[in-house]
$ cat structure29.cif   # mmCIF, C-alpha atoms
data_entry
loop_
_atom_site.group_PDB
_atom_site.id
_atom_site.type_symbol
_atom_site.label_atom_id
_atom_site.label_comp_id
_atom_site.auth_asym_id
_atom_site.auth_seq_id
_atom_site.Cartn_x
_atom_site.Cartn_y
_atom_site.Cartn_z
ATOM 1 C CA MET A 194 -9.465 -43.468 105.267
ATOM 2 C CA THR A 195 -12.184 -41.865 103.199
ATOM 3 C CA THR A 196 -10.238 -38.625 103.119
ATOM 4 C CA THR A 197 -7.125 -40.437 101.870
ATOM 5 C CA VAL A 198 -8.993 -42.190 99.070
ATOM 6 C CA HIS A 199 -10.631 -38.969 97.998
ATOM 7 C CA ALA A 200 -7.246 -37.220 97.892
ATOM 8 C CA ARG A 201 -5.766 -40.027 95.783
ATOM 9 C CA ARG A 202 -8.675 -39.836 93.330
ATOM 10 C CA CYS A 203 -8.244 -36.066 92.950
ATOM 11 C CA ALA A 204 -4.510 -36.422 92.316
ATOM 12 C CA PHE A 205 -5.070 -39.182 89.745
ATOM 13 C CA GLY A 206 -7.706 -37.078 87.914
ATOM 14 C CA GLY A 207 -5.339 -34.086 87.850
ATOM 15 C CA VAL A 208 -2.567 -36.219 86.332
ATOM 16 C CA ILE A 209 -4.953 -37.524 83.629
ATOM 17 C CA LEU A 210 -6.161 -33.960 82.833
ATOM 18 C CA LEU A 211 -2.590 -32.668 82.584
ATOM 19 C CA ALA A 212 -1.574 -35.529 80.244
ATOM 20 C CA GLY A 213 -4.572 -34.823 77.998
ATOM 21 C CA CYS A 214 -3.665 -31.147 77.715
ATOM 22 C CA LEU A 215 -0.076 -31.989 76.802
ATOM 23 C CA LEU A 216 -1.271 -34.474 74.137
ATOM 24 C CA LEU A 217 -3.626 -31.906 72.550
ATOM 25 C CA ALA A 218 -0.862 -29.289 72.472
ATOM 26 C CA ALA A 219 1.510 -31.730 70.740
ATOM 27 C CA CYS A 220 -1.086 -32.613 68.088
ATOM 28 C CA ALA A 221 -1.844 -28.948 67.384
ATOM 29 C CA GLY A 222 1.851 -28.113 66.973
ATOM 30 C CA GLY A 223 2.387 -31.065 64.604
ATOM 31 C CA SER A 224 -0.528 -30.113 62.360
ATOM 32 C CA SER A 225 0.590 -26.462 62.218
ATOM 33 C CA THR A 226 4.126 -27.515 61.277
ATOM 34 C CA SER A 227 2.902 -29.811 58.521
ATOM 35 C CA ALA A 228 0.594 -27.094 57.078
ATOM 36 C CA SER A 229 3.345 -24.458 56.976
ATOM 37 C CA SER A 230 5.949 -26.797 55.485
ATOM 38 C CA PRO A 231 6.729 -25.941 51.815
ATOM 39 C CA GLY A 232 7.077 -29.609 50.921
ATOM 40 C CA ALA A 233 3.678 -30.569 52.277
ATOM 41 C CA ALA A 234 1.066 -31.773 49.779
ATOM 42 C CA ALA A 235 -1.626 -29.176 49.200
ATOM 43 C CA PRO A 236 -5.268 -30.114 48.583
ATOM 44 C CA ARG A 237 -6.078 -30.312 44.886
ATOM 45 C CA GLY A 238 -7.886 -27.237 43.515
ATOM 46 C CA VAL A 239 -7.101 -25.058 46.554
ATOM 47 C CA LEU A 240 -3.406 -24.214 46.546
ATOM 48 C CA ALA A 241 -2.455 -25.568 43.138
ATOM 49 C CA ALA A 242 -4.069 -22.709 41.241
ATOM 50 C CA PRO A 243 -2.251 -19.870 43.066
ATOM 51 C CA HIS A 244 1.110 -21.610 42.659
ATOM 52 C CA ALA A 245 0.417 -22.183 38.977
ATOM 53 C CA ALA A 246 -0.606 -18.571 38.476
ATOM 54 C CA SER A 247 2.507 -17.258 40.183
ATOM 55 C CA GLY A 248 4.653 -19.595 38.108
ATOM 56 C CA SER A 249 3.004 -18.407 34.925
ATOM 57 C CA SER A 250 3.510 -14.761 35.923
ATOM 58 C CA ALA A 251 7.150 -15.437 36.681
ATOM 59 C CA ALA A 252 7.595 -17.157 33.338
ATOM 60 C CA GLN A 253 5.971 -14.255 31.512
ATOM 61 C CA GLY A 254 8.147 -11.759 33.370
ATOM 62 C CA ALA A 255 11.256 -13.724 32.493
ATOM 63 C CA SER A 256 10.172 -13.890 28.884
ATOM 64 C CA ALA A 257 9.540 -10.138 28.785
ATOM 65 C CA ALA A 258 12.884 -9.435 30.453
ATOM 66 C CA GLY A 259 14.768 -11.630 28.019
ATOM 67 C CA ARG A 260 12.860 -10.543 24.907
ATOM 68 C CA PRO A 261 15.263 -9.703 22.083
ATOM 69 C CA ALA A 262 15.048 -6.255 20.510
ATOM 70 C CA GLY A 263 14.623 -7.700 17.035
ATOM 71 C CA LEU A 264 12.049 -7.346 14.312
ATOM 72 C CA THR A 265 9.270 -9.205 16.085
ATOM 73 C CA ALA A 266 8.220 -9.603 19.679
ATOM 74 C CA ASN A 267 7.557 -12.981 21.260
ATOM 75 C CA LEU A 268 4.122 -14.350 20.578
ATOM 76 C CA ALA A 269 1.482 -14.135 23.286
ATOM 77 C CA PRO A 270 0.576 -17.197 25.404
ATOM 78 C CA SER A 271 -1.717 -19.716 23.761
ATOM 79 C CA ASP A 272 -4.632 -18.823 26.051
ATOM 80 C CA GLU A 273 -4.734 -15.255 24.672
ATOM 81 C CA SER A 274 -6.293 -14.179 21.366
ATOM 82 C CA ILE A 275 -4.061 -11.704 19.500
ATOM 83 C CA ILE A 276 -4.454 -10.215 16.016
ATOM 84 C CA TYR A 277 -1.026 -9.614 14.434
ATOM 85 C CA THR A 278 -0.625 -7.167 11.538
ATOM 86 C CA ALA A 279 2.461 -5.744 9.816
ATOM 87 C CA SER A 280 3.289 -3.395 6.939
ATOM 88 C CA ILE A 281 6.569 -3.528 4.996
ATOM 89 C CA GLU A 282 7.835 -1.419 2.081
ATOM 90 C CA VAL A 283 10.848 -2.733 0.159
ATOM 91 C CA ARG A 284 12.771 -1.319 -2.798
ATOM 92 C CA ALA A 285 13.854 -4.200 -5.046
ATOM 93 C CA ARG A 286 15.789 -4.312 -8.300
ATOM 94 C CA ASP A 287 13.279 -6.733 -9.848
ATOM 95 C CA VAL A 288 9.870 -6.340 -8.196
ATOM 96 C CA THR A 289 8.400 -9.297 -10.108
ATOM 97 C CA ALA A 290 11.103 -11.654 -8.856
ATOM 98 C CA ALA A 291 10.727 -10.222 -5.347
ATOM 99 C CA ALA A 292 6.973 -10.867 -5.474
ATOM 100 C CA ARG A 293 7.589 -14.495 -6.436
ATOM 101 C CA ARG A 294 10.053 -14.782 -3.564
ATOM 102 C CA VAL A 295 7.463 -13.396 -1.102
ATOM 103 C CA THR A 296 4.872 -15.897 -2.326
ATOM 104 C CA ALA A 297 7.330 -18.777 -1.923
ATOM 105 C CA ILE A 298 8.233 -17.731 1.644
ATOM 106 C CA VAL A 299 4.574 -17.467 2.675
ATOM 107 C CA GLU A 300 3.465 -20.724 1.080
ATOM 108 C CA ALA A 301 6.430 -22.574 2.624
ATOM 109 C CA VAL A 302 5.076 -21.885 6.136
ATOM 110 C CA GLY A 303 1.471 -22.740 5.252
ATOM 111 C CA GLY A 304 0.228 -19.248 4.398
ATOM 112 C CA TYR A 305 -1.343 -17.807 1.285
ATOM 113 C CA VAL A 306 -1.603 -14.595 -0.755
ATOM 114 C CA SER A 307 -4.958 -12.889 -0.157
ATOM 115 C CA ASN A 308 -4.488 -9.910 -2.494
ATOM 116 C CA GLU A 309 -1.990 -8.687 -5.104
ATOM 117 C CA THR A 310 -1.970 -5.508 -7.186
ATOM 118 C CA ALA A 311 0.556 -4.175 -9.684
ATOM 119 C CA GLY A 312 0.959 -0.786 -11.318
ATOM 120 C CA SER A 313 3.361 1.934 -12.356
ATOM 121 C CA GLY A 314 3.497 5.646 -11.746
ATOM 122 C CA GLY A 315 2.445 8.178 -14.343
ATOM 123 C CA SER A 316 5.629 10.243 -14.176
ATOM 124 C CA SER A 317 8.970 9.214 -15.570
ATOM 125 C CA THR A 318 10.549 9.215 -12.110
ATOM 126 C CA ALA A 319 8.128 6.604 -10.692
ATOM 127 C CA GLY A 320 8.889 2.932 -11.332
ATOM 128 C CA GLU A 321 6.863 -0.273 -11.075
ATOM 129 C CA THR A 322 5.042 -1.049 -7.837
ATOM 130 C CA ILE A 323 3.527 -4.333 -6.608
ATOM 131 C CA GLY A 324 1.358 -4.580 -3.499
ATOM 132 C CA ILE A 325 0.924 -8.005 -1.841
ATOM 133 C CA THR A 326 -1.214 -8.879 1.180
ATOM 134 C CA VAL A 327 -0.342 -12.254 2.703
ATOM 135 C CA LYS A 328 -1.780 -14.398 5.509
ATOM 136 C CA ILE A 329 0.698 -16.280 7.710
ATOM 137 C CA PRO A 330 -0.110 -18.842 10.444
ATOM 138 C CA VAL A 331 0.566 -17.250 13.808
ATOM 139 C CA PRO A 332 3.108 -19.882 14.990
ATOM 140 C CA ALA A 333 5.235 -19.208 11.893
ATOM 141 C CA TYR A 334 4.713 -15.419 11.939
ATOM 142 C CA PRO A 335 8.011 -14.302 13.598
ATOM 143 C CA ALA A 336 10.233 -16.425 11.347
ATOM 144 C CA ALA A 337 8.326 -15.514 8.181
ATOM 145 C CA LEU A 338 8.354 -11.812 9.042
ATOM 146 C CA ALA A 339 12.114 -11.945 9.541
ATOM 147 C CA GLN A 340 12.518 -13.405 6.031
ATOM 148 C CA LEU A 341 10.122 -10.893 4.466
ATOM 149 C CA SER A 342 12.064 -7.986 5.964
ATOM 150 C CA SER A 343 15.536 -9.365 5.221
ATOM 151 C CA PRO A 344 17.931 -7.623 2.784
ATOM 152 C CA ALA A 345 17.602 -10.619 0.441
ATOM 153 C CA LEU A 346 14.395 -9.096 -0.960
ATOM 154 C CA GLY A 347 15.787 -5.578 -1.238
ATOM 155 C CA LYS A 348 16.281 -2.393 0.744
ATOM 156 C CA GLN A 349 13.708 -1.922 3.481
ATOM 157 C CA LEU A 350 12.145 1.544 3.333
ATOM 158 C CA HIS A 351 9.462 1.226 6.005
ATOM 159 C CA MET A 352 8.196 -1.349 8.492
ATOM 160 C CA SER A 353 5.532 -1.286 11.189
ATOM 161 C CA GLN A 354 3.772 -4.023 13.135
ATOM 162 C CA GLN A 355 0.926 -4.163 15.617
ATOM 163 C CA ALA A 356 -0.589 -6.720 18.014
ATOM 164 C CA THR A 357 -4.215 -6.242 19.096
ATOM 165 C CA ASP A 358 -5.524 -8.201 22.085
ATOM 166 C CA VAL A 359 -9.064 -9.477 21.399
ATOM 167 C CA THR A 360 -9.177 -12.093 24.147
ATOM 168 C CA GLN A 361 -12.138 -10.449 25.879
ATOM 169 C CA GLU A 362 -14.017 -10.012 22.602
ATOM 170 C CA VAL A 363 -13.510 -13.664 21.686
ATOM 171 C CA ALA A 364 -14.686 -14.761 25.133
ATOM 172 C CA ASN A 365 -17.785 -12.567 24.865
ATOM 173 C CA VAL A 366 -18.688 -13.918 21.422
ATOM 174 C CA ASN A 367 -18.194 -17.520 22.559
ATOM 175 C CA SER A 368 -20.379 -16.893 25.595
ATOM 176 C CA LEU A 369 -23.123 -15.331 23.451
ATOM 177 C CA VAL A 370 -23.005 -18.258 21.033
ATOM 178 C CA THR A 371 -23.443 -20.727 23.898
ATOM 179 C CA SER A 372 -26.301 -18.694 25.360
ATOM 180 C CA GLU A 373 -28.116 -18.491 22.015
ATOM 181 C CA GLN A 374 -27.713 -22.226 21.452
ATOM 182 C CA ASP A 375 -29.115 -22.973 24.915
ATOM 183 C CA ALA A 376 -32.018 -20.595 24.295
ATOM 184 C CA ILE A 377 -32.845 -22.283 20.974
ATOM 185 C CA ASN A 378 -32.723 -25.724 22.599
ATOM 186 C CA ALA A 379 -35.074 -24.527 25.335
ATOM 187 C CA LEU A 380 -37.464 -23.080 22.753
ATOM 188 C CA ASP A 381 -37.410 -26.370 20.842
ATOM 189 C CA GLY A 382 -38.625 -28.049 24.020
ATOM 190 C CA LEU A 383 -41.397 -25.490 24.406
ATOM 191 C CA LEU A 384 -42.351 -25.967 20.763
ATOM 192 C CA GLN A 385 -43.172 -29.604 21.395
ATOM 193 C CA HIS A 386 -45.477 -28.702 24.308
ATOM 194 C CA ALA A 387 -47.252 -25.709 22.756
ATOM 195 C CA ALA A 388 -50.871 -25.691 23.889
ATOM 196 C CA SER A 389 -52.322 -23.566 21.072
ATOM 197 C CA VAL A 390 -51.593 -22.378 17.580
ATOM 198 C CA ALA A 391 -50.836 -18.866 18.885
ATOM 199 C CA ASP A 392 -48.259 -20.243 21.308
ATOM 200 C CA LEU A 393 -46.784 -22.362 18.503
ATOM 201 C CA LEU A 394 -46.395 -19.360 16.200
ATOM 202 C CA GLN A 395 -44.939 -17.221 18.967
ATOM 203 C CA VAL A 396 -42.332 -19.851 19.837
ATOM 204 C CA GLN A 397 -41.425 -20.359 16.164
ATOM 205 C CA GLN A 398 -41.018 -16.604 15.700
ATOM 206 C CA GLN A 399 -38.711 -16.420 18.706
ATOM 207 C CA ILE A 400 -36.703 -19.397 17.413
ATOM 208 C CA SER A 401 -36.269 -17.665 14.036
ATOM 209 C CA ALA A 402 -35.062 -14.460 15.695
ATOM 210 C CA ASP A 403 -32.630 -16.370 17.927
ATOM 211 C CA GLN A 404 -31.389 -18.423 14.975
ATOM 212 C CA SER A 405 -30.661 -15.229 13.022
ATOM 213 C CA THR A 406 -28.728 -13.825 15.969
ATOM 214 C CA LEU A 407 -26.863 -17.120 16.345
ATOM 215 C CA ASN A 408 -25.859 -17.110 12.662
ATOM 216 C CA SER A 409 -24.487 -13.569 13.016
ATOM 217 C CA LEU A 410 -22.532 -14.552 16.132
ATOM 218 C CA LEU A 411 -21.158 -17.655 14.409
ATOM 219 C CA ALA A 412 -19.970 -15.532 11.472
ATOM 220 C CA GLN A 413 -18.289 -13.135 13.893
ATOM 221 C CA GLN A 414 -16.745 -16.094 15.695
ATOM 222 C CA ARG A 415 -15.340 -17.507 12.433
ATOM 223 C CA ALA A 416 -13.946 -14.090 11.472
ATOM 224 C CA LEU A 417 -12.201 -13.691 14.833
ATOM 225 C CA ASN A 418 -10.870 -17.219 14.581
ATOM 226 C CA GLY A 419 -9.397 -16.483 11.166
ATOM 227 C CA GLU A 420 -7.871 -13.174 12.269
ATOM 228 C CA THR A 421 -6.297 -14.711 15.362
ATOM 229 C CA SER A 422 -5.083 -17.832 13.538
ATOM 230 C CA TYR A 423 -3.413 -15.974 10.635
ATOM 231 C CA ALA A 424 -1.277 -12.835 10.830
ATOM 232 C CA THR A 425 -1.736 -10.256 8.068
ATOM 233 C CA VAL A 426 1.294 -8.705 6.368
ATOM 234 C CA ALA A 427 0.855 -5.978 3.723
ATOM 235 C CA MET A 428 3.946 -5.645 1.529
ATOM 236 C CA THR A 429 4.731 -2.930 -1.018
ATOM 237 C CA LEU A 430 7.501 -3.671 -3.512
ATOM 238 C CA VAL A 431 8.824 -0.695 -5.470
ATOM 239 C CA SER A 432 11.453 -0.592 -8.197
ATOM 240 C CA PRO A 433 14.438 1.772 -8.077
ATOM 241 C CA GLN A 434 13.865 5.270 -9.421
ATOM 242 C CA PRO A 435 15.542 6.030 -12.768
ATOM 243 C CA PRO A 436 18.560 8.331 -12.518
ATOM 244 C CA ALA A 437 17.928 12.015 -13.077
ATOM 245 C CA PRO A 438 19.063 13.330 -16.480
ATOM 246 C CA HIS A 439 22.554 14.801 -16.393
ATOM 247 C CA LYS A 440 22.632 18.509 -17.191
ATOM 248 C CA LYS A 441 25.631 19.832 -19.035
ATOM 249 C CA PRO A 442 27.311 22.780 -17.369
ATOM 250 C CA ALA A 443 26.687 26.122 -19.108
ATOM 251 C CA LYS A 444 29.620 27.540 -21.104
ATOM 252 C CA HIS A 445 30.367 31.255 -20.908
ATOM 253 C CA SER A 446 31.794 32.907 -24.092
ATOM 254 C CA PHE A 447 31.201 35.801 -26.461
ATOM 255 C CA LEU A 448 29.131 33.633 -28.783
ATOM 256 C CA THR A 449 27.006 32.441 -25.858
ATOM 257 C CA GLY A 450 26.349 36.045 -24.813
ATOM 258 C CA LEU A 451 25.538 37.065 -28.414
ATOM 259 C CA LEU A 452 23.054 34.245 -28.802
ATOM 260 C CA ALA A 453 21.475 35.091 -25.464
ATOM 261 C CA GLY A 454 21.154 38.752 -26.453
ATOM 262 C CA TRP A 455 19.666 37.853 -29.836
ATOM 263 C CA ARG A 456 17.099 35.631 -28.142
ATOM 264 C CA ALA A 457 16.250 38.446 -25.725
ATOM 265 C CA LEU A 458 15.902 40.903 -28.637
ATOM 266 C CA ARG A 459 13.596 38.542 -30.459
ATOM 267 C CA HIS A 460 11.453 38.108 -27.385
ATOM 268 C CA ALA A 461 11.363 41.887 -26.802
ATOM 269 C CA GLY A 462 10.503 42.526 -30.457
ATOM 270 C CA GLY A 463 7.781 39.953 -30.343
ATOM 271 C CA TRP A 464 6.243 41.543 -27.246
ATOM 272 C CA LEU A 465 6.514 45.032 -28.845
ATOM 273 C CA LEU A 466 4.842 43.942 -32.083
ATOM 274 C CA THR A 467 2.120 42.226 -30.104
ATOM 275 C CA ALA A 468 1.467 45.445 -28.156
ATOM 276 C CA VAL A 469 1.419 47.559 -31.364
ATOM 277 C CA GLY A 470 -0.959 45.118 -33.029
ATOM 278 C CA ALA A 471 -3.264 45.215 -30.032
ATOM 279 C CA ALA A 472 -3.260 49.073 -29.938
ATOM 280 C CA LEU A 473 -3.531 49.690 -33.726
ATOM 281 C CA PRO A 474 -7.371 49.478 -33.904
ATOM 282 C CA PHE A 475 -7.631 52.112 -31.185
ATOM 283 C CA PHE A 476 -5.158 54.329 -33.047
ATOM 284 C CA VAL A 477 -7.214 54.117 -36.293
ATOM 285 C CA ILE A 478 -10.460 55.020 -34.519
ATOM 286 C CA ALA A 479 -8.727 57.886 -32.728
ATOM 287 C CA ALA A 480 -7.250 59.183 -36.036
ATOM 288 C CA VAL A 481 -10.663 59.100 -37.773
ATOM 289 C CA LEU A 482 -12.303 60.953 -34.909
ATOM 290 C CA ALA A 483 -9.485 63.513 -34.872
ATOM 291 C CA GLY A 484 -9.802 64.054 -38.654
ATOM 292 C CA LEU A 485 -13.586 64.571 -38.397
ATOM 293 C CA GLY A 486 -13.131 67.015 -35.597
ATOM 294 C CA TYR A 487 -10.481 68.954 -37.457
ATOM 295 C CA ALA A 488 -12.629 69.175 -40.642
ATOM 296 C CA GLY A 489 -15.637 70.342 -38.678
ATOM 297 C CA ARG A 490 -13.609 73.005 -36.911
ATOM 298 C CA ARG A 491 -12.216 74.383 -40.227
ATOM 299 C CA ARG A 492 -15.704 74.483 -41.704
ATOM 300 C CA TYR A 493 -17.003 76.309 -38.682
ATOM 301 C CA LEU A 494 -14.195 78.890 -38.847
ATOM 302 C CA ARG A 495 -14.782 79.532 -42.573
ATOM 303 C CA ARG A 496 -18.495 80.100 -41.972
ATOM 304 C CA ARG A 497 -17.783 82.658 -39.284
ATOM 305 C CA ALA A 498 -15.208 84.404 -41.491
ATOM 306 C CA GLY A 499 -17.726 84.669 -44.358
ATOM 307 C CA GLU A 500 -20.429 86.107 -42.054
ATOM 308 C CA SER A 501 -18.069 88.740 -40.691
ATOM 309 C CA THR A 502 -16.982 89.808 -44.208
ATOM 310 C CA ALA A 503 -20.603 90.116 -45.364
ATOM 311 C CA GLY A 504 -21.512 92.185 -42.367
#
$ encode --input "structure29.cif" --output "structure tokens"
Amino acid sequence: MTTTVHARRCAFGGVILLAGCLLLAACAGGSSTSASSPGAAAPRGVLAAPHAASGSSAAQGASAAGRPAGLTANLAPSDESIIYTASIEVRARDVTAAARRVTAIVEAVGGYVSNETAGSGGSSTAGETIGITVKIPVPAYPAALAQLSSPALGKQLHMSQQATDVTQEVANVNSLVTSEQDAINALDGLLQHAASVADLLQVQQQISADQSTLNSLLAQQRALNGETSYATVAMTLVSPQPPAPHKKPAKHSFLTGLLAGWRALRHAGGWLLTAVGAALPFFVIAAVLAGLGYAGRRRYLRRRAGESTAG
């Protein structure tokens, strides 16, 4: 009897153990299936960031693949800091009217003219030239650049554009500004608890140095903000060159040859007279010296003839 009861208890315990193992296996399989399912909800902040990053990369790749080969490239994402610059040279019939048109285009999109110079060349073949430097808000830069380089202003002679990524520089400056502000706040706290005059002066000196550094960083931050908020376009407007003077074809005739020969004779005579005039002083000196030499020789010969006759 005892053996039978013991056997029943062992069988019942084995059944319970087997059922528990099967239940654990089913739960593990269900949790694995739910974790690997693409429609399952991911914990916030763990899987959302990778999916967002991959989506952003895919969007950027699609944008780069579908980018039109036009005058301007697509603008960078808003989280990047880009400095856009361009240079355009246009030949216009009326450079003054073209300059007014450029100003109107820029001001219509919220930009402004930062510099304008006008001048003309010194030679007769150089016309009027006007140089204009404009600032255009970055969101309106592609459309405004397309208008500034359109044939409506004139014939485009040259165009170049450049985009400089300063995202890292902007981030570094912002970080330094925050650090300097935190350091000044901490020094202000130490200033209130200075134990001696020496400590007070030392803290004030450090605050002054940090404030100077902060002002420099803030100026750099404002400059970067302006350069990344407004694109810079340097335009050169030149007027058409005047036509070259028309030269009449040379006529060949007897009279033409006679006139050419007479001109050549006059030139040759002029050169000959110039040479004779330049050599005449030397001829006079040479003639005087020759005459003196000849007179001295005759006198010497006469003296010798007289001495020989007397002897």
$ residues_around --input "structure29.cif" --residues "range 269-286 of chain A" --least-positions-apart "6" --cutoff "7 Å" --atoms "all atoms listed in the file" --output "count of residues only"
27
$ atom_distance --input "structure29.cif" --atom1 "CA of Val299 in chain A" --atom2 "CA of Tyr334 in chain A"
9.5 Å
$ atom_distance --input "structure29.cif" --atom1 "CA of Thr322 in chain A" --atom2 "CA of Ala345 in chain A"
17.8 Å
$ resolve_selection --input "structure29.cif" --expression "the PyMOL selection byres ((chain A and resi 301) around 12)" --output "list in words"
Arg294, Val295, Thr296, Ala297, Ile298, Val299, Glu300, Val302, Gly303, Gly304, Tyr305, Val306, Lys328, Ile329, Pro330, Ala333, Tyr334, Ala336, Ala337 and Gln340 of chain A
$ atom_distance --input "structure29.cif" --atom1 "CA of Glu309 in chain A" --atom2 "CA of Gly324 in chain A"
5.5 Å
$ residues_around --input "structure29.cif" --residues "range 372-384 of chain A" --least-positions-apart "3" --cutoff "12 Å" --atoms "all atoms listed in the file" --output "ChimeraX atom specification"
/A:365-369,387-411
$ axis_aligned_box --input "structure29.cif" --around "range 286-305 of chain A" --padding-each-side "4 Å" --output "lines of an AutoDock Vina configuration file"
center_x = 7.2
center_y = -13.5
center_z = -2.0
size_x = 25.1
size_y = 26.4
size_z = 24.2
$ closest_residue --input "structure29.cif" --among "A:Ala488, A:Ala461, A:Val288, A:Val327" --to "Gly312 in chain A" --atoms "all atoms listed in the file"
A:Val288
$ closest_residue --input "structure29.cif" --among "A:Val363, A:Ala479, A:Ile325, A:Ala291" --to "Asn418 in chain A" --atoms "all atoms listed in the file"
A:Val363
